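So this block is coords23.tsv, TSV, C-alpha atoms:
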chain	number	residue	atom	x	y	z
A	1	PRO	CA	-150.48	-103.44	136.27
A	2	GLN	CA	-152.83	-101.78	133.89
A	3	VAL	CA	-155.02	-104.21	132.33
A	4	SER	CA	-157.63	-104.59	129.65
A	5	ALA	CA	-160.48	-107.08	128.75
A	6	MET	CA	-160.80	-107.86	125.08
A	7	ARG	CA	-162.53	-110.21	122.63
A	8	LEU	CA	-160.13	-110.70	119.75
A	9	ASP	CA	-159.91	-113.51	117.22
A	10	ARG	CA	-163.38	-115.01	117.43
A	11	VAL	CA	-166.89	-114.00	118.40
A	12	SER	CA	-168.40	-116.74	120.53
A	13	PHE	CA	-171.98	-115.54	120.58
A	14	LYS	CA	-172.39	-114.53	116.91
A	15	GLU	CA	-172.40	-116.98	114.03
A	16	ASN	CA	-172.18	-114.27	111.36
A	17	PRO	CA	-170.51	-111.15	112.77
A	18	SER	CA	-170.78	-108.01	110.64
A	19	LYS	CA	-167.76	-106.59	108.86
A	20	ALA	CA	-167.97	-103.52	111.09
A	21	LEU	CA	-167.80	-105.68	114.22
A	22	VAL	CA	-164.86	-107.74	112.97
A	23	GLU	CA	-162.98	-104.56	112.03
A	24	GLY	CA	-163.83	-102.96	115.36
A	25	LEU	CA	-162.44	-105.91	117.30
A	26	ARG	CA	-159.26	-105.86	115.22
A	27	LEU	CA	-158.76	-102.16	115.85
A	28	LEU	CA	-159.46	-102.61	119.55
A	29	LYS	CA	-156.67	-105.17	119.73
A	30	GLU	CA	-154.29	-102.65	118.18
A	31	ARG	CA	-155.43	-99.93	120.63
A	32	GLN	CA	-156.87	-97.81	117.83
A	33	ASP	CA	-159.85	-96.96	119.99
A	34	ILE	CA	-161.37	-94.06	118.04
A	35	GLU	CA	-161.63	-96.09	114.88
A	36	ALA	CA	-162.81	-99.15	116.83
A	37	TRP	CA	-165.59	-97.07	118.43
A	38	GLU	CA	-166.80	-95.91	115.00
A	39	ASN	CA	-167.08	-99.50	113.81
A	40	PHE	CA	-168.92	-100.61	116.95
A	41	GLU	CA	-171.38	-97.74	116.48
A	42	LYS	CA	-171.95	-98.86	112.90
A	43	ALA	CA	-172.56	-102.44	114.01
A	44	ILE	CA	-175.03	-101.31	116.67
A	45	ARG	CA	-176.95	-99.15	114.21
A	46	ALA	CA	-177.42	-102.27	112.09
A	47	ASN	CA	-178.29	-104.42	115.12
A	48	PRO	CA	-178.98	-102.68	118.47
A	49	GLU	CA	-178.82	-106.09	120.22
A	50	ASP	CA	-175.25	-106.82	119.08
A	51	LEU	CA	-173.69	-107.74	122.44
A	52	ASP	CA	-170.17	-107.92	121.04
A	53	ALA	CA	-170.35	-104.38	119.68
A	54	LEU	CA	-171.95	-103.11	122.89
A	55	TRP	CA	-169.16	-104.73	124.88
A	56	GLY	CA	-166.61	-103.14	122.53
A	57	LYS	CA	-168.01	-99.68	123.29
A	58	ALA	CA	-167.90	-100.44	127.03
A	59	GLU	CA	-164.26	-101.51	126.73
A	60	VAL	CA	-163.31	-98.27	124.95
A	61	LEU	CA	-165.06	-96.28	127.70
A	62	ARG	CA	-163.23	-98.31	130.34
A	63	ARG	CA	-159.91	-97.48	128.73
A	64	LYS	CA	-160.87	-93.82	128.86
A	65	ARG	CA	-161.58	-94.22	132.60
A	66	ARG	CA	-165.26	-93.42	132.04
A	67	TYR	CA	-166.14	-96.23	134.39
A	68	GLU	CA	-169.78	-95.49	135.17
A	69	GLU	CA	-170.69	-95.19	131.49
A	70	SER	CA	-168.87	-98.44	130.82
A	71	ARG	CA	-170.54	-100.15	133.78
A	72	LYS	CA	-174.01	-99.19	132.55
A	73	ILE	CA	-173.42	-100.82	129.16
A	74	LEU	CA	-171.79	-103.90	130.70
A	75	GLU	CA	-174.66	-104.47	133.11
A	76	GLY	CA	-177.06	-104.23	130.17
A	77	VAL	CA	-175.06	-106.84	128.26
A	78	ILE	CA	-174.90	-109.18	131.26
A	79	SER	CA	-178.64	-108.81	131.88
A	80	LYS	CA	-179.21	-110.13	128.35
A	81	ASN	CA	-176.57	-112.86	128.61
A	82	PRO	CA	-175.28	-113.60	132.14
A	83	GLN	CA	-172.65	-115.94	130.66
A	84	TYR	CA	-171.04	-113.29	128.46
A	85	ALA	CA	-167.47	-113.70	129.73
A	86	PRO	CA	-165.81	-110.62	128.14
A	87	ALA	CA	-168.27	-108.28	129.89
A	88	LEU	CA	-167.64	-110.06	133.20
A	89	VAL	CA	-163.88	-109.55	132.80
A	90	THR	CA	-164.19	-105.87	131.92
A	91	LEU	CA	-166.58	-105.28	134.83
A	92	SER	CA	-164.10	-107.07	137.09
A	93	TYR	CA	-161.47	-104.52	136.14
A	94	ILE	CA	-163.79	-101.66	137.10
A	95	GLU	CA	-164.49	-103.29	140.48
A	96	TYR	CA	-160.74	-103.78	140.94
A	97	LYS	CA	-160.11	-100.09	140.26
A	98	GLU	CA	-162.67	-99.27	142.96
A	99	ASP	CA	-160.77	-101.60	145.33
A	100	LYS	CA	-163.69	-104.06	145.53
A	101	LEU	CA	-161.40	-107.05	145.27
A	102	ASP	CA	-163.85	-109.72	146.43
A	103	LYS	CA	-166.39	-108.62	143.83
A	104	ALA	CA	-163.70	-108.42	141.14
A	105	GLN	CA	-162.57	-111.97	141.90
A	106	GLU	CA	-166.16	-113.24	141.97
A	107	LEU	CA	-166.71	-111.88	138.46
A	108	ILE	CA	-163.51	-113.51	137.19
A	109	SER	CA	-164.51	-116.85	138.69
A	110	ALA	CA	-167.81	-116.57	136.84
A	111	ALA	CA	-166.07	-115.67	133.58
A	112	LEU	CA	-163.81	-118.70	133.84
A	113	SER	CA	-166.76	-121.00	134.44
A	114	TYR	CA	-168.39	-120.06	131.12
A	115	TYR	CA	-167.32	-120.83	127.57
A	116	GLY	CA	-164.88	-118.33	126.14
A	117	ASP	CA	-162.02	-118.06	123.70
A	118	LYS	CA	-158.40	-118.25	124.78
A	119	ASP	CA	-157.95	-114.49	124.71
A	120	THR	CA	-160.80	-113.92	127.15
A	121	GLU	CA	-159.55	-116.76	129.34
A	122	ALA	CA	-156.05	-115.26	129.30
A	123	LEU	CA	-157.35	-111.89	130.38
A	124	ALA	CA	-159.27	-113.53	133.21
A	125	TYR	CA	-156.08	-115.16	134.48
A	126	MET	CA	-154.30	-111.82	134.07
A	127	MET	CA	-156.95	-110.22	136.27
A	128	LEU	CA	-156.44	-112.94	138.88
A	129	GLY	CA	-152.75	-112.04	138.92
A	130	THR	CA	-153.57	-108.36	139.21
A	131	ILE	CA	-156.07	-108.91	142.04
A	132	ASN	CA	-153.59	-111.06	143.95
A	133	ALA	CA	-150.91	-108.40	143.50
A	134	ARG	CA	-153.22	-105.82	145.08
A	135	ARG	CA	-154.06	-108.17	147.96
A	136	ALA	CA	-150.35	-108.74	148.58
A	137	GLU	CA	-149.65	-105.01	148.44
A	138	LYS	CA	-152.38	-104.21	150.97
A	139	GLY	CA	-151.82	-107.13	153.34
A	140	ASP	CA	-149.47	-108.10	156.14
A	141	ILE	CA	-146.44	-110.32	155.71
A	142	LEU	CA	-148.55	-113.49	155.59
A	143	ALA	CA	-150.77	-111.97	152.90
A	144	LYS	CA	-147.72	-110.94	150.92
A	145	ILE	CA	-146.50	-114.53	150.97
A	146	ARG	CA	-149.93	-116.06	150.32
A	147	TYR	CA	-150.96	-113.80	147.47
A	148	GLY	CA	-147.66	-112.48	146.14
A	149	THR	CA	-146.35	-115.92	145.28
A	150	GLN	CA	-149.40	-116.62	143.10
A	151	VAL	CA	-149.12	-113.53	140.89
A	152	GLY	CA	-146.41	-114.77	138.55
A	153	CYS	CA	-148.14	-118.15	138.07
A	154	TYR	CA	-151.40	-116.52	136.94
A	155	LEU	CA	-149.61	-114.14	134.58
A	156	LEU	CA	-147.53	-116.91	133.03
A	157	LYS	CA	-150.73	-118.90	132.48
A	158	ALA	CA	-152.20	-115.86	130.72
A	159	LYS	CA	-149.16	-115.58	128.47
A	160	GLU	CA	-149.31	-119.30	127.66
A	161	LEU	CA	-152.93	-118.87	126.53
A	162	ALA	CA	-152.49	-115.65	124.54
A	163	PRO	CA	-148.89	-114.57	123.93
A	164	LYS	CA	-149.96	-111.98	121.34
A	165	LEU	CA	-152.09	-109.92	123.70
A	166	SER	CA	-150.29	-106.70	124.55
A	167	GLU	CA	-152.17	-106.43	127.86
A	168	VAL	CA	-150.90	-109.81	128.97
A	169	ARG	CA	-147.31	-109.01	128.06
A	170	LEU	CA	-147.60	-105.65	129.85
A	171	ALA	CA	-148.92	-107.27	133.02
A	172	LEU	CA	-146.16	-109.88	133.07
A	173	GLY	CA	-143.51	-107.29	132.28
A	174	THR	CA	-144.74	-105.05	135.08
A	175	PHE	CA	-144.59	-107.97	137.48
A	176	TYR	CA	-141.00	-108.73	136.51
A	177	LEU	CA	-140.13	-105.04	136.82
A	178	LYS	CA	-141.72	-104.46	140.24
A	179	ALA	CA	-141.60	-107.77	142.09
A	180	PRO	CA	-138.80	-108.63	144.53
A	181	LYS	CA	-136.30	-111.08	143.12
A	182	ILE	CA	-137.32	-113.71	145.67
A	183	ILE	CA	-140.79	-114.07	144.08
A	184	GLY	CA	-139.73	-113.68	140.46
A	185	GLY	CA	-138.63	-110.12	139.81
A	186	ASN	CA	-136.24	-109.98	136.86
A	187	PRO	CA	-135.26	-106.76	135.02
A	188	ASP	CA	-134.10	-108.60	131.89
A	189	LYS	CA	-137.39	-110.49	131.57
A	190	ALA	CA	-139.24	-107.25	132.27
A	191	PHE	CA	-137.58	-105.58	129.30
A	192	LEU	CA	-138.43	-108.47	126.96
A	193	GLU	CA	-142.09	-108.50	127.98
A	194	LEU	CA	-142.57	-104.73	127.90
A	195	ASN	CA	-140.83	-104.42	124.56
A	196	ALA	CA	-143.17	-107.13	123.24
A	197	ALA	CA	-146.21	-105.24	124.59
A	198	VAL	CA	-145.23	-102.08	122.72
A	199	THR	CA	-144.38	-104.00	119.55
A	200	LEU	CA	-147.82	-105.65	119.59
A	201	ALA	CA	-149.66	-102.37	120.26
A	202	PRO	CA	-147.58	-99.24	119.64
A	203	ASN	CA	-150.56	-97.05	120.64
A	204	PHE	CA	-150.76	-98.57	124.12
A	205	ALA	CA	-149.80	-95.65	126.39
A	206	THR	CA	-149.29	-97.70	129.55
A	207	ALA	CA	-146.98	-100.14	127.79
A	208	ASN	CA	-144.91	-97.23	126.45
A	209	ALA	CA	-144.67	-95.71	129.93
A	210	ARG	CA	-143.55	-98.98	131.53
A	211	LEU	CA	-140.99	-99.58	128.80
A	212	ALA	CA	-139.68	-96.07	129.44
A	213	GLU	CA	-139.34	-96.95	133.12
A	214	CYS	CA	-137.38	-100.02	132.14
A	215	TYR	CA	-134.99	-97.94	130.01
A	216	LYS	CA	-134.50	-95.52	132.88
A	217	LYS	CA	-133.34	-98.38	135.06
A	218	LYS	CA	-130.88	-99.21	132.28
A	219	PHE	CA	-129.68	-95.56	132.33
A	220	ASP	CA	-130.69	-95.18	128.68
A	221	LEU	CA	-132.20	-91.70	128.94
A	222	GLU	CA	-132.54	-91.23	125.20
A	223	ARG	CA	-134.94	-94.16	124.87
A	224	TYR	CA	-136.57	-93.31	128.19
A	225	ASN	CA	-137.51	-89.90	126.82
A	226	LEU	CA	-138.65	-91.42	123.53
A	227	TYR	CA	-141.17	-93.74	125.16
A	228	ILE	CA	-142.25	-91.27	127.83
A	229	GLU	CA	-143.07	-88.74	125.10
A	230	ALA	CA	-145.02	-91.41	123.22
A	231	ALA	CA	-147.04	-92.22	126.34
A	232	GLN	CA	-147.71	-88.53	127.01
A	233	SER	CA	-148.90	-88.02	123.46
A	234	LEU	CA	-151.21	-91.03	123.61
A	235	ASP	CA	-152.66	-90.46	127.09
A	236	PRO	CA	-151.53	-87.37	129.05
A	237	ASP	CA	-153.47	-88.49	132.15
A	238	ASN	CA	-152.07	-92.01	132.17
A	239	GLU	CA	-151.74	-93.45	135.68
A	240	VAL	CA	-148.21	-94.76	135.12
A	241	LEU	CA	-147.03	-91.30	134.08
A	242	LYS	CA	-148.42	-89.97	137.35
A	243	GLU	CA	-146.74	-92.80	139.25
A	244	LEU	CA	-143.43	-91.86	137.63
A	245	ASN	CA	-144.01	-88.16	138.43
A	246	VAL	CA	-143.84	-87.21	134.77
A	247	GLN	CA	-145.14	-83.69	134.24

Please go through the file and, once you have read it, give me the structure as structure tokens.
Amino acid sequence: PQVSAMRLDRVSFKENPSKALVEGLRLLKERQDIEAWENFEKAIRANPEDLDALWGKAEVLRRKRRYEESRKILEGVISKNPQYAPALVTLSYIEYKEDKLDKAQELISAALSYYGDKDTEALAYMMLGTINARRAEKGDILAKIRYGTQVGCYLLKAKELAPKLSEVRLALGTFYLKAPKIIGGNPDKAFLELNAAVTLAPNFATANARLAECYKKKFDLERYNLYIEAAQSLDPDNEVLKELNVQ
């Protein structure tokens, strides 16, 4: 599943965050990335060492699939504070996308060992579920059993920690949609989770595309087209659209 690392309701490493930073984090949560970027830039102009704002810019770049630019900022943040969990989680996603699963899991283990808010912790558990899903997909039958059976547990833990994170609901919904019934696949639960993901963040292209897929399985082509068109408008190069062979 598509995933995303995000600091949301609190800023662990700043006692007095600027108004621009607070607004940027709020907008990032709602997937209003252009406006979030502008606020992070404003915060950085006021304080070039603002790690939260620097991480916010890196997260926006990651969402745009500009991975090397994101990595450069993240490595700078981590060099200044090796215990900065949100940067570790975002960097883990980039390593995961490059199929460096051991490195991705190492970064998540580090993130979970440091202090962080529940949202960051939830996203770390979500990444563990995502990494295990990839290991199960790539492995033999024993790997599918070993790793595949852990995916749902990690994603449910993420939801328990942060039920209002659209990324978490998307990941769990995708699991329910794609997994075999024997390890937890459930189309009805998939619909509930994916609908929640879109409700929480209507501008989240991947969530819209997965919800469209869910409606297609229900043979509701009107709503399928509605959400596919929304995803196309938000992110024409979205990976889920390519997976679904949407032109």

In Å and to one decimal, CA of Leu112 in chain A is distant from CA of Leu61 in chain A by 23.3 Å

Using only C-alpha atoms, which of the listed residues (A:Leu172, A:Glu35, A:Ser70, A:Glu30) sits closest to Ala205 in chain A?
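Ranked by minimum distance to Ala205 in chain A, first place goes to A:Glu30.
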
Using all atoms listed in the file, which of the listed residues (A:Ile73, A:Leu161, A:Leu234, A:Leu241) sits closest to Asp50 in chain A?
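Nearest to Asp50 in chain A: A:Ile73.
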
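Picture a line from CA of Ala46 in chain A to CA of Asp119 in chain A; it runs 26.2 Å.
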
Pick from A:Ala111, A:Ile141, A:Pro163, A:Ala171 nearest to Met126 in chain A, counting all atoms listed in the file
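Answer, going by the shortest atom-to-atom distance: A:Ala171.
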
Which residue, A:Gly76, A:Gln83, A:Arg146, A:Leu28, has the smallest gap to Gly56 in chain A when you use all atoms listed in the file?
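For Gly56 in chain A, the nearest of the candidates is A:Leu28.
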
Arg223 in chain A: which residues within 10 Å, counting only C-alpha atoms, same-chain residues fewer than 5 positions away excluded, as a PDB file with C-alpha atoms, in the coordinates of the input?
ATOM      1  CA  LEU A 211    -140.990 -99.580 128.800  1.00  0.00           C
ATOM      2  CA  ALA A 212    -139.680 -96.070 129.440  1.00  0.00           C
ATOM      3  CA  GLU A 213    -139.340 -96.950 133.120  1.00  0.00           C
ATOM      4  CA  CYS A 214    -137.380-100.020 132.140  1.00  0.00           C
ATOM      5  CA  TYR A 215    -134.990 -97.940 130.010  1.00  0.00           C
ATOM      6  CA  LYS A 216    -134.500 -95.520 132.880  1.00  0.00           C
ATOM      7  CA  LYS A 218    -130.880 -99.210 132.280  1.00  0.00           C
ATOM      8  CA  ILE A 228    -142.250 -91.270 127.830  1.00  0.00           C
ATOM      9  CA  GLU A 229    -143.070 -88.740 125.100  1.00  0.00           C
TER      10      GLU A 229
END

Excluding Gln32 in chain A and residues on its chain fewer than 3 positions from it, collect all residues at most 12 Å away from it, counting all atoms listed in the file, and give them as a VMD selection string.
chain A and resid 23 to 29 35 to 39 60 63 201 to 205 234

Grab the CA of Lys144 in chain A to CA of Val89 in chain A distance for me, in Å with one decimal place.
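Here the two named atoms are 24.3 Å from each other.
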
Which residues come within 8 Å of Val168 in chain A, counting all atoms listed in the file, excluding same-chain residues fewer than 6 positions away, as a PyMOL selection string?
chain A and resi 3+122-123+126+155+158-159+162+197

Give me the residues near Asn132 in chain A as a PyMOL selection string, where near means some atom within 12 Å (using only C-alpha atoms) and where sequence neighbours in that chain fewer than 5 positions away do not count.
chain A and resi 1+96+99+101-102+104-105+125-127+137-139+143-155+175

So, with all atoms listed in the file as the atoms that count, which of A:Ala207, A:Ala85, A:Ala196, A:Ala179 lies closest to Ala230 in chain A?
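Residue with the minimum atom-to-atom distance to Ala230 in chain A: A:Ala207.
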
Nearby residues (all atoms listed in the file) at most 10 Å from Glu69 in chain A, same-chain spacing under 6 positions excluded, as a ChimeraX atom specification:
/A:57-58,61-62

Let me make sure I understand: among A:Leu221, A:Leu170, A:Ala209, A:Ala124, which one has the smallest atom-to-atom distance to Ser233 in chain A if we use all atoms listed in the file?
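Smallest separation from Ser233 in chain A among the options: A:Ala209.
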
Pull the neighbourhood of (-166.0, -95.5, 136.8) for me: all residues within 9 Å in file coordinates, counting only C-alpha atoms, as an NGL selection string.
:A and (62 or 65-71 or 94-95 or 97-98)
